[in-house]
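Trainee: This is the structure I want to talk about, given as structure tokens.
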Amino acid sequence: MTKIVIVGAGFGGLQTALGLEKKFRKKKDISITLIDKRDYHLFTPNLFEVATAEEELVSVKQLKSSVTLPIRKILGGKNIKFVQGQINSVEARQNRLQTRGKFIDYDFLVLALGSQSDFFNIPGAQENSLTLKDLPDALRIRNAVEFAVQNHRMDVNKNTLRVVVAGGGYTGVELVGELKGLVNFLAWKNGYPREKIELEIIEAANKLVPGFDDRLSQDAYDRLRDLDVRVRLSARIAAVDSHLLELMGGEKIAHDVLIWTTGVKACDMYMGSSMTLDKKGRLPVNGFLQLDGHHNIFALGDIARVLDQAGKPVPSSAQDACDQGKYLAKAIPYIIKNQTPPKTYVPNKHGFIVNVGGKWAVMNYKGFYAKGFLAFVIDGLAHLNYYISIIGVWRAVKWYAFQLEMYDRND
Ligand SMILES: Cc1cc2nc3c(=O)[nH]c(=O)nc-3n(C[C@H](O)[C@H](O)[C@H](O)COP(=O)(O)OP(=O)(O)OC[C@H]3O[C@@H](n4cnc5c(N)ncnc54)[C@H](O)[C@@H]3O)c2cc1C
């Protein structure tokens, strides 16, 4: 029996597992095991909607259903064994994984564990901020904003209540844009003067959503300014405490709620001393997404350092993780037979869509540029397309309609 083990049922791991299952469905001598510490697949692009949903309008149960899919339901009827468990280390010499004292053997291993928030060793950042990486994070954010408004209801001496987002990439921009609806509602519900609540986003680069074209950054900036969000660019954070964050120049900025979205680094996975990681903790891979010196181990998505044609690392994105998962589902069958796959992995240039408050987005897809409601609709269709790839048309349409209904309450 040839054992293929995939760790991580996120964007990359799931595409690998589903693709391999299609190929090996009738093969009795190949087993596919998918392992994840969670029992659900998380659709991260909708997390900002969960973080900004008011508790009276949408329940926690509804929110969870809107952004997660039970892994066992996705795999229902397929020839993939699912194991829920946290993997602590890979013992590459013995071809086995370790999970809470137990071992899981493999012949071929795919590592798709994703990433974690990067605090860049800024003193106090981790202890004094909230992150947006998982469902509990999103719920913590909405609770923190709600508590902040409730706690200061009677405090007539407090001039402003400040919700600050550190990091002006797409996660920060989407979150702060949508927070406006939440704070409007909370101010009304708690009888708190709306003009006392300030939303601010701080970015170290000289534009929002760095890494993408200037026009998109400028439109996102203008939209946030229209939503009354204060945008601070070229501002590097040096230190954080429970009420203030300090910029490199010495300026201090007050915060009642601080959300950290400055970037990610790879998830920690102990692989023994032989593995060299890059500065973001990622595992370098070759053109077949194999680890150096361990050709039966593959890595993809946020945990892998995949290079593009120009030799630059591919940025973290769900789209790239999915592409890599699909590639591996084609390449692994050759490698199992000791053959060389016909092609190495070549990253695609993807389009990019950023939601900026309500039913408004800005997008650049291979030269097609749009902003406003049209870009919002195209974003929805891109999401739907992904859902169809994992749960089929009918369930995908139902899930998408449910999300539209839940998130409409945020606007
Ligand atoms: C808020 C937010 C919004 C985003 N929006 C977009 C977007 O709009 N478009 C886009 O392209 N990208 C977006 N991204 C980025 C995208 O989510 C990631 O690039 C993508 O999830 C990476 O896929 P992956 O398969 O590498 O990891 P993931 O999808 O993160 O999956 C990793 C899986 O591994 C599991 N795992 C981790 N450690 C262990 C362990 N030790 N043992 C067992 N299981 C483990 C996790 O539970 C998880 O299920 C967003 C990210 C965030 C946080």
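How things are named: the first chain in the structure tokens is A, the next is B, and so on; residues count from 1 in each chain; ligands count from 1 in the order shown.
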Dump as a Markdown table the rows for residues of chain A within 6 Å of ligand 1: closest atom pair and distance in Å with one decimal, only C-alpha atoms and all ligand atoms counted, ordered by chain and rising residue number.

Mentor:
```
| residue | atom | partner | partner_atom_place_in_ligand_line | distance |
| --- | --- | --- | --- | --- |
| A:Val7 | CA | ligand 1 | 44 (N) | 5.8 |
| A:Gly8 | CA | ligand 1 | 34 (O) | 3.3 |
| A:Ala9 | CA | ligand 1 | 49 (O) | 4.5 |
| A:Gly10 | CA | ligand 1 | 31 (O) | 3.2 |
| A:Phe11 | CA | ligand 1 | 25 (O) | 4.0 |
| A:Gly12 | CA | ligand 1 | 25 (O) | 3.6 |
| A:Gly13 | CA | ligand 1 | 25 (O) | 5.4 |
| A:Ile35 | CA | ligand 1 | 43 (C) | 5.9 |
| A:Asp36 | CA | ligand 1 | 44 (N) | 3.6 |
| A:Lys37 | CA | ligand 1 | 43 (C) | 4.1 |
| A:Arg38 | CA | ligand 1 | 47 (O) | 5.0 |
| A:His41 | CA | ligand 1 | 49 (O) | 5.8 |
| A:Thr44 | CA | ligand 1 | 3 (C) | 4.6 |
| A:Pro45 | CA | ligand 1 | 5 (N) | 3.6 |
| A:Leu47 | CA | ligand 1 | 1 (C) | 5.2 |
| A:Gly85 | CA | ligand 1 | 43 (C) | 5.7 |
| A:Gln86 | CA | ligand 1 | 42 (N) | 3.6 |
| A:Ile87 | CA | ligand 1 | 42 (N) | 3.9 |
| A:Asn88 | CA | ligand 1 | 41 (N) | 5.6 |
| A:Ala112 | CA | ligand 1 | 25 (O) | 5.1 |
| A:Leu113 | CA | ligand 1 | 34 (O) | 3.6 |
| A:Gly114 | CA | ligand 1 | 27 (O) | 3.3 |
| A:Ser115 | CA | ligand 1 | 30 (O) | 5.9 |
| A:Leu132 | CA | ligand 1 | 1 (C) | 5.4 |
| A:Lys133 | CA | ligand 1 | 53 (C) | 4.2 |
| A:Thr171 | CA | ligand 1 | 1 (C) | 5.1 |
| A:Gly301 | CA | ligand 1 | 26 (O) | 3.3 |
| A:Asp302 | CA | ligand 1 | 26 (O) | 3.9 |
| A:Ile303 | CA | ligand 1 | 26 (O) | 5.8 |
| A:Ser316 | CA | ligand 1 | 19 (O) | 4.2 |
| A:Ser317 | CA | ligand 1 | 19 (O) | 3.2 |
| A:Ala318 | CA | ligand 1 | 11 (O) | 3.6 |
| A:Gln319 | CA | ligand 1 | 11 (O) | 4.5 |
| A:Ala321 | CA | ligand 1 | 23 (O) | 5.0 |
```

Trainee: Export N, CA, C and O atoms of the chosen residues as a compact mmCIF listing (two decimals), in the first residue's frame?

Mentor:
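Dumped everything to part-v5.txt:
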```txt
# COMPACT_ATOMS: atom_id res chain seq x y z
N VAL A 7 -1.05 17.18 5.06
CA VAL A 7 -1.32 17.88 6.33
C VAL A 7 -1.80 19.29 6.02
O VAL A 7 -1.06 20.09 5.44
N GLY A 8 -3.03 19.58 6.43
CA GLY A 8 -3.62 20.90 6.20
C GLY A 8 -4.74 20.81 5.18
O GLY A 8 -4.50 20.49 4.02
N ALA A 9 -5.98 21.06 5.65
CA ALA A 9 -7.14 21.02 4.74
C ALA A 9 -7.59 22.43 4.41
O ALA A 9 -8.77 22.73 4.38
N GLY A 10 -6.60 23.31 4.18
CA GLY A 10 -6.92 24.66 3.72
C GLY A 10 -7.00 24.67 2.19
O GLY A 10 -7.27 23.63 1.57
N PHE A 11 -6.71 25.82 1.59
CA PHE A 11 -6.88 25.96 0.14
C PHE A 11 -6.00 24.98 -0.63
O PHE A 11 -6.46 24.31 -1.55
N GLY A 12 -4.71 24.90 -0.26
CA GLY A 12 -3.79 24.07 -1.03
C GLY A 12 -3.99 22.59 -0.76
O GLY A 12 -4.09 21.78 -1.70
N GLY A 13 -4.07 22.21 0.52
CA GLY A 13 -4.18 20.80 0.90
C GLY A 13 -5.45 20.17 0.35
O GLY A 13 -5.43 19.03 -0.14
N ILE A 35 -5.04 15.38 7.03
CA ILE A 35 -4.99 15.66 8.48
C ILE A 35 -5.15 17.15 8.69
O ILE A 35 -4.52 17.95 7.98
N ASP A 36 -5.97 17.55 9.65
CA ASP A 36 -6.06 18.97 10.01
C ASP A 36 -6.39 19.06 11.49
O ASP A 36 -7.10 18.23 12.04
N LYS A 37 -5.86 20.12 12.12
CA LYS A 37 -6.15 20.31 13.56
C LYS A 37 -7.60 20.75 13.74
O LYS A 37 -8.17 20.57 14.82
N ARG A 38 -8.20 21.35 12.70
CA ARG A 38 -9.59 21.79 12.80
C ARG A 38 -10.47 20.78 12.08
O ARG A 38 -9.98 20.05 11.21
N HIS A 41 -13.01 23.50 7.02
CA HIS A 41 -12.23 24.25 6.02
C HIS A 41 -12.68 25.70 6.16
O HIS A 41 -13.87 25.99 6.17
N THR A 44 -11.08 32.07 4.31
CA THR A 44 -10.52 33.31 4.90
C THR A 44 -11.00 34.61 4.25
O THR A 44 -11.14 35.61 4.95
N PRO A 45 -11.23 34.66 2.92
CA PRO A 45 -11.63 35.94 2.34
C PRO A 45 -12.91 36.54 2.94
O PRO A 45 -13.15 37.73 2.79
N LEU A 47 -13.54 36.43 6.29
CA LEU A 47 -13.37 36.62 7.74
C LEU A 47 -13.69 38.05 8.18
O LEU A 47 -14.21 38.27 9.28
N GLY A 85 -6.31 16.26 13.94
CA GLY A 85 -5.22 16.22 14.91
C GLY A 85 -4.16 17.24 14.55
O GLY A 85 -4.01 17.62 13.39
N GLN A 86 -3.44 17.67 15.57
CA GLN A 86 -2.37 18.65 15.37
C GLN A 86 -1.06 17.91 15.14
O GLN A 86 -0.65 17.09 15.96
N ILE A 87 -0.39 18.20 14.05
CA ILE A 87 0.92 17.57 13.79
C ILE A 87 2.01 18.44 14.43
O ILE A 87 2.05 19.64 14.24
N ASN A 88 2.85 17.81 15.22
CA ASN A 88 3.89 18.58 15.93
C ASN A 88 5.23 18.55 15.23
O ASN A 88 6.00 19.49 15.32
N ALA A 112 0.87 21.42 3.92
CA ALA A 112 0.04 22.56 3.48
C ALA A 112 -0.55 23.23 4.72
O ALA A 112 -1.76 23.38 4.86
N LEU A 113 0.35 23.62 5.64
CA LEU A 113 -0.11 24.08 6.96
C LEU A 113 -0.41 25.57 7.04
O LEU A 113 -0.86 26.05 8.07
N GLY A 114 -0.13 26.32 5.99
CA GLY A 114 -0.50 27.74 6.00
C GLY A 114 0.43 28.60 6.83
O GLY A 114 1.60 28.28 7.03
N SER A 115 -0.10 29.71 7.31
CA SER A 115 0.75 30.73 7.95
C SER A 115 0.15 31.23 9.26
O SER A 115 -0.97 30.87 9.61
N LEU A 132 -6.39 38.52 12.74
CA LEU A 132 -7.53 38.04 11.93
C LEU A 132 -7.04 36.90 11.04
O LEU A 132 -6.75 37.09 9.86
N LYS A 133 -6.93 35.70 11.65
CA LYS A 133 -6.44 34.55 10.89
C LYS A 133 -7.42 33.39 10.93
O LYS A 133 -7.38 32.50 10.09
N THR A 171 -6.04 42.52 3.84
CA THR A 171 -6.79 42.11 5.03
C THR A 171 -7.18 43.34 5.86
O THR A 171 -8.34 43.48 6.27
N GLY A 301 1.55 26.42 -0.83
CA GLY A 301 0.79 27.47 -0.14
C GLY A 301 1.69 28.34 0.73
O GLY A 301 2.88 28.51 0.45
N ASP A 302 1.11 28.86 1.80
CA ASP A 302 1.82 29.85 2.63
C ASP A 302 3.05 29.29 3.33
O ASP A 302 3.93 30.03 3.74
N ILE A 303 3.12 27.97 3.49
CA ILE A 303 4.27 27.40 4.23
C ILE A 303 5.47 27.19 3.30
O ILE A 303 6.58 26.94 3.77
N SER A 316 1.73 35.16 -0.55
CA SER A 316 0.72 34.27 0.05
C SER A 316 -0.64 34.60 -0.55
O SER A 316 -1.09 35.72 -0.45
N SER A 317 -1.27 33.62 -1.14
CA SER A 317 -2.64 33.84 -1.58
C SER A 317 -3.34 32.51 -1.74
O SER A 317 -2.73 31.48 -2.03
N ALA A 318 -4.66 32.57 -1.53
CA ALA A 318 -5.47 31.37 -1.66
C ALA A 318 -5.40 30.87 -3.10
O ALA A 318 -5.36 29.66 -3.35
N GLN A 319 -5.37 31.81 -4.04
CA GLN A 319 -5.36 31.42 -5.46
C GLN A 319 -4.09 30.64 -5.80
O GLN A 319 -4.14 29.64 -6.50
N ALA A 321 -2.18 29.01 -3.64
CA ALA A 321 -2.21 27.73 -2.91
C ALA A 321 -3.06 26.71 -3.68
O ALA A 321 -2.69 25.54 -3.82
```

Trainee: Among the residues of region 10-104 of chain A, find those DSSP assigns to strand (DSSP E or B) from the backbone and print them as a list in words.

Mentor: Ile30, Ser31, Ile32, Thr33, Leu34, Ile35, Asp36, Tyr40, His41, Leu42, Thr68, Leu69, Pro70, Lys81, Phe82, Val83, Gln84, Ser89, Val90, Glu91, Arg96, Leu97, Gln98, Thr99, Lys102, Phe103 and Ile104 of chain A

Trainee: Please dump the current selection as a CSV table (one decimal), in the first residue's frame; keep N, CA and C atoms.

Mentor:
```
chain,number,residue,atom,x,y,z
A,30,ILE,N,-3.5,2.4,-3.1
A,30,ILE,CA,-3.0,3.8,-2.7
A,30,ILE,C,-4.0,4.4,-1.7
A,31,SER,N,-3.5,4.8,-0.6
A,31,SER,CA,-4.4,5.5,0.4
A,31,SER,C,-4.1,6.9,0.5
A,32,ILE,N,-5.1,7.7,0.7
A,32,ILE,CA,-4.9,9.2,0.8
A,32,ILE,C,-5.5,9.6,2.2
A,33,THR,N,-4.7,10.2,3.0
A,33,THR,CA,-5.1,10.7,4.3
A,33,THR,C,-4.9,12.2,4.4
A,34,LEU,N,-6.0,12.8,4.9
A,34,LEU,CA,-5.9,14.3,5.0
A,34,LEU,C,-6.0,14.6,6.5
A,35,ILE,N,-5.0,15.4,7.0
A,35,ILE,CA,-5.0,15.7,8.5
A,35,ILE,C,-5.2,17.2,8.7
A,36,ASP,N,-6.0,17.5,9.7
A,36,ASP,CA,-6.1,19.0,10.0
A,36,ASP,C,-6.4,19.1,11.5
A,40,TYR,N,-12.9,21.9,10.3
A,40,TYR,CA,-13.6,22.6,9.2
A,40,TYR,C,-12.5,23.2,8.2
A,41,HIS,N,-13.0,23.5,7.0
A,41,HIS,CA,-12.2,24.2,6.0
A,41,HIS,C,-12.7,25.7,6.2
A,42,LEU,N,-11.7,26.6,6.2
A,42,LEU,CA,-12.0,28.0,6.5
A,42,LEU,C,-11.9,28.8,5.2
A,68,THR,N,-17.2,28.7,7.2
A,68,THR,CA,-16.5,27.4,7.3
A,68,THR,C,-17.4,26.2,6.7
A,69,LEU,N,-16.7,25.2,6.2
A,69,LEU,CA,-17.4,24.0,5.8
A,69,LEU,C,-16.8,22.8,6.5
A,70,PRO,N,-17.6,21.9,7.1
A,70,PRO,CA,-17.1,20.8,7.8
A,70,PRO,C,-16.3,19.9,6.8
A,81,LYS,N,-9.3,9.5,3.7
A,81,LYS,CA,-9.5,9.3,5.2
A,81,LYS,C,-9.2,10.7,5.8
A,82,PHE,N,-10.1,11.2,6.7
A,82,PHE,CA,-9.8,12.4,7.4
A,82,PHE,C,-9.4,12.1,8.8
A,83,VAL,N,-8.3,12.7,9.3
A,83,VAL,CA,-7.9,12.6,10.7
A,83,VAL,C,-7.8,14.0,11.3
A,84,GLN,N,-8.6,14.2,12.4
A,84,GLN,CA,-8.4,15.5,13.0
A,84,GLN,C,-7.3,15.4,14.1
A,89,SER,N,5.6,17.4,14.6
A,89,SER,CA,6.9,17.4,13.9
A,89,SER,C,6.8,16.3,12.8
A,90,VAL,N,7.8,16.5,11.9
A,90,VAL,CA,8.0,15.5,10.8
A,90,VAL,C,9.3,14.9,11.0
A,91,GLU,N,9.3,13.5,11.1
A,91,GLU,CA,10.5,12.8,11.2
A,91,GLU,C,10.9,12.2,9.8
A,96,ARG,N,7.7,9.5,9.0
A,96,ARG,CA,6.6,9.5,9.8
A,96,ARG,C,6.3,10.9,10.4
A,97,LEU,N,5.1,11.1,10.8
A,97,LEU,CA,4.7,12.4,11.5
A,97,LEU,C,4.4,12.1,12.9
A,98,GLN,N,4.5,13.1,13.7
A,98,GLN,CA,4.2,12.9,15.2
A,98,GLN,C,3.0,13.8,15.6
A,99,THR,N,2.0,13.2,16.2
A,99,THR,CA,0.9,13.9,16.7
A,99,THR,C,0.6,13.4,18.1
A,102,LYS,N,1.7,10.0,19.1
A,102,LYS,CA,1.4,9.0,18.2
A,102,LYS,C,2.1,9.2,16.9
A,103,PHE,N,2.3,8.2,16.1
A,103,PHE,CA,3.0,8.4,14.8
A,103,PHE,C,2.1,8.0,13.7
A,104,ILE,N,2.3,8.8,12.6
A,104,ILE,CA,1.5,8.4,11.4
A,104,ILE,C,2.6,8.2,10.3
```

Trainee: According to DSSP computed on the backbone, where in region 214-283 of chain A is there helix (DSSP H, G or I)? Give the residues as a JSON list (two decimals) with N, CA and C atoms, in the first residue's frame.

Mentor:
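Writing the result to selection-v9.json gives the following:
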```
[["chain", "number", "residue", "atom", "x", "y", "z"],
["A", 214, "ASP", "N", -0.66, 51.08, -8.59],
["A", 214, "ASP", "CA", -0.92, 52.34, -7.88],
["A", 214, "ASP", "C", -2.38, 52.77, -7.98],
["A", 215, "ARG", "N", -3.00, 52.47, -9.13],
["A", 215, "ARG", "CA", -4.38, 52.92, -9.31],
["A", 215, "ARG", "C", -5.30, 52.25, -8.29],
["A", 216, "LEU", "N", -5.09, 50.93, -8.11],
["A", 216, "LEU", "CA", -5.90, 50.18, -7.14],
["A", 216, "LEU", "C", -5.68, 50.74, -5.73],
["A", 217, "SER", "N", -4.41, 51.02, -5.39],
["A", 217, "SER", "CA", -4.08, 51.56, -4.06],
["A", 217, "SER", "C", -4.77, 52.91, -3.86],
["A", 218, "GLN", "N", -4.72, 53.75, -4.90],
["A", 218, "GLN", "CA", -5.30, 55.09, -4.78],
["A", 218, "GLN", "C", -6.82, 55.01, -4.62],
["A", 219, "ASP", "N", -7.46, 54.11, -5.40],
["A", 219, "ASP", "CA", -8.92, 53.98, -5.30],
["A", 219, "ASP", "C", -9.33, 53.44, -3.92],
["A", 220, "ALA", "N", -8.54, 52.50, -3.40],
["A", 220, "ALA", "CA", -8.83, 51.97, -2.05],
["A", 220, "ALA", "C", -8.67, 53.09, -1.02],
["A", 221, "TYR", "N", -7.64, 53.90, -1.21],
["A", 221, "TYR", "CA", -7.39, 55.03, -0.30],
["A", 221, "TYR", "C", -8.58, 56.01, -0.33],
["A", 222, "ASP", "N", -8.99, 56.40, -1.55],
["A", 222, "ASP", "CA", -10.09, 57.37, -1.68],
["A", 222, "ASP", "C", -11.37, 56.82, -1.06],
["A", 223, "ARG", "N", -11.61, 55.56, -1.30],
["A", 223, "ARG", "CA", -12.84, 54.95, -0.75],
["A", 223, "ARG", "C", -12.81, 54.98, 0.79],
["A", 224, "LEU", "N", -11.66, 54.63, 1.38],
["A", 224, "LEU", "CA", -11.58, 54.65, 2.85],
["A", 224, "LEU", "C", -11.76, 56.07, 3.38],
["A", 225, "ARG", "N", -11.20, 57.05, 2.67],
["A", 225, "ARG", "CA", -11.37, 58.44, 3.12],
["A", 225, "ARG", "C", -12.85, 58.82, 3.03],
["A", 226, "ASP", "N", -13.55, 58.36, 1.97],
["A", 226, "ASP", "CA", -14.99, 58.63, 1.86],
["A", 226, "ASP", "C", -15.77, 58.00, 3.01]]
```

Trainee: Compile the contact shell of region 257-269 of chain A as a ChimeraX atom specification: residues with an atom at most 9 Å away, counting only C-alpha atoms, same-chain residues fewer than 3 positions apart removed.

Mentor: /A:87-90,113-120,125-126,128-133,141,144-145,148,161-172,203-204,242-243,279-283,302-304,316

Trainee: Counting only C-alpha atoms, which residue out of A:Lys196, A:Thr2, A:Glu178, A:Ile332 sits closest to Trp360 (chain A)?

Mentor: A:Glu178

Trainee: If you count only C-alpha atoms, which residues fall within 8 Å of Leu233 (chain A), apart from same-chain ones fewer than 5 positions away, as a list in words?

Mentor: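 The residues that qualify are Ile202, Glu203, Ala204, Ala205, Asn206, Lys207 and Leu208 of chain A.
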
Trainee: If we count only C-alpha atoms, what is near Arg395 (chain A) at a cut-off of 12 Å, once residues fewer than 6 positions away on the same chain are taken out, given as a compact mmCIF listing (two decimals) with N, CA, C and O atoms, in the first residue's frame?

Mentor:
```
# COMPACT_ATOMS: atom_id res chain seq x y z
N LEU A 69 -16.69 25.20 6.25
CA LEU A 69 -17.39 23.99 5.76
C LEU A 69 -16.80 22.80 6.51
O LEU A 69 -15.57 22.68 6.57
N LYS A 73 -17.89 16.73 5.55
CA LYS A 73 -18.95 16.91 4.54
C LYS A 73 -18.36 17.12 3.16
O LYS A 73 -18.88 16.60 2.17
N ILE A 74 -17.25 17.86 3.09
CA ILE A 74 -16.62 18.07 1.77
C ILE A 74 -16.15 16.72 1.21
O ILE A 74 -16.26 16.44 0.03
N LEU A 384 -17.85 32.02 -5.68
CA LEU A 384 -18.77 30.94 -6.05
C LEU A 384 -18.03 29.87 -6.86
O LEU A 384 -18.21 28.66 -6.64
N ASN A 385 -17.19 30.32 -7.77
CA ASN A 385 -16.42 29.40 -8.60
C ASN A 385 -15.56 28.48 -7.73
O ASN A 385 -15.46 27.27 -7.96
N TYR A 386 -14.96 29.06 -6.68
CA TYR A 386 -14.15 28.24 -5.76
C TYR A 386 -15.04 27.23 -5.02
O TYR A 386 -14.69 26.05 -4.92
N TYR A 387 -16.19 27.69 -4.53
CA TYR A 387 -17.07 26.76 -3.78
C TYR A 387 -17.46 25.58 -4.66
O TYR A 387 -17.51 24.44 -4.22
N ILE A 388 -17.76 25.90 -5.95
CA ILE A 388 -18.17 24.82 -6.87
C ILE A 388 -17.06 23.78 -6.97
O ILE A 388 -17.31 22.57 -6.98
N SER A 389 -15.79 24.24 -6.95
CA SER A 389 -14.68 23.29 -7.10
C SER A 389 -14.55 22.33 -5.92
O SER A 389 -14.00 21.26 -6.05
N ALA A 401 -25.63 31.91 -1.40
CA ALA A 401 -26.85 32.68 -1.12
C ALA A 401 -26.97 32.94 0.38
O ALA A 401 -27.35 34.03 0.82
N PHE A 402 -26.61 31.94 1.18
CA PHE A 402 -26.66 32.09 2.64
C PHE A 402 -25.69 33.20 3.09
O PHE A 402 -26.03 34.06 3.90
```

Trainee: Of the candidates A:Met275, A:Leu227, A:Leu18, A:Ile6, which shows the shortest atom-to-atom distance to Lys330 (chain A), using only C-alpha atoms?

Mentor: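 Of the candidates, the smallest distance to Lys330 (chain A) is held by A:Leu18.
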
Trainee: In Å, rounded to a single decimal, give me how far CA of Leu328 (chain A) is from CA of Val285 (chain A).

Mentor: 12.4 Å

Trainee: Tell me, in Å to one decimal, how far CA of Tyr106 (chain A) is from CA of His295 (chain A).

Mentor: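 If I compute the distance from CA of Tyr106 (chain A) to CA of His295 (chain A), I get 12.8 Å.
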
Trainee: For each of A:Gly177, A:Pro342, A:Gly287, A:Gly19, take the minimum atom-to-atom distance to Ile390 (chain A), counting only C-alpha atoms, then give the residue where this is smallest.

Mentor: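 Closest candidate: A:Gly19.
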
Trainee: What is the distance, in Å and to one decimal place, between CA of Val156 (chain A) and CA of Ala53 (chain A)?

Mentor: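 One can read the CA of Val156 (chain A) to CA of Ala53 (chain A) distance as 26.7 Å.
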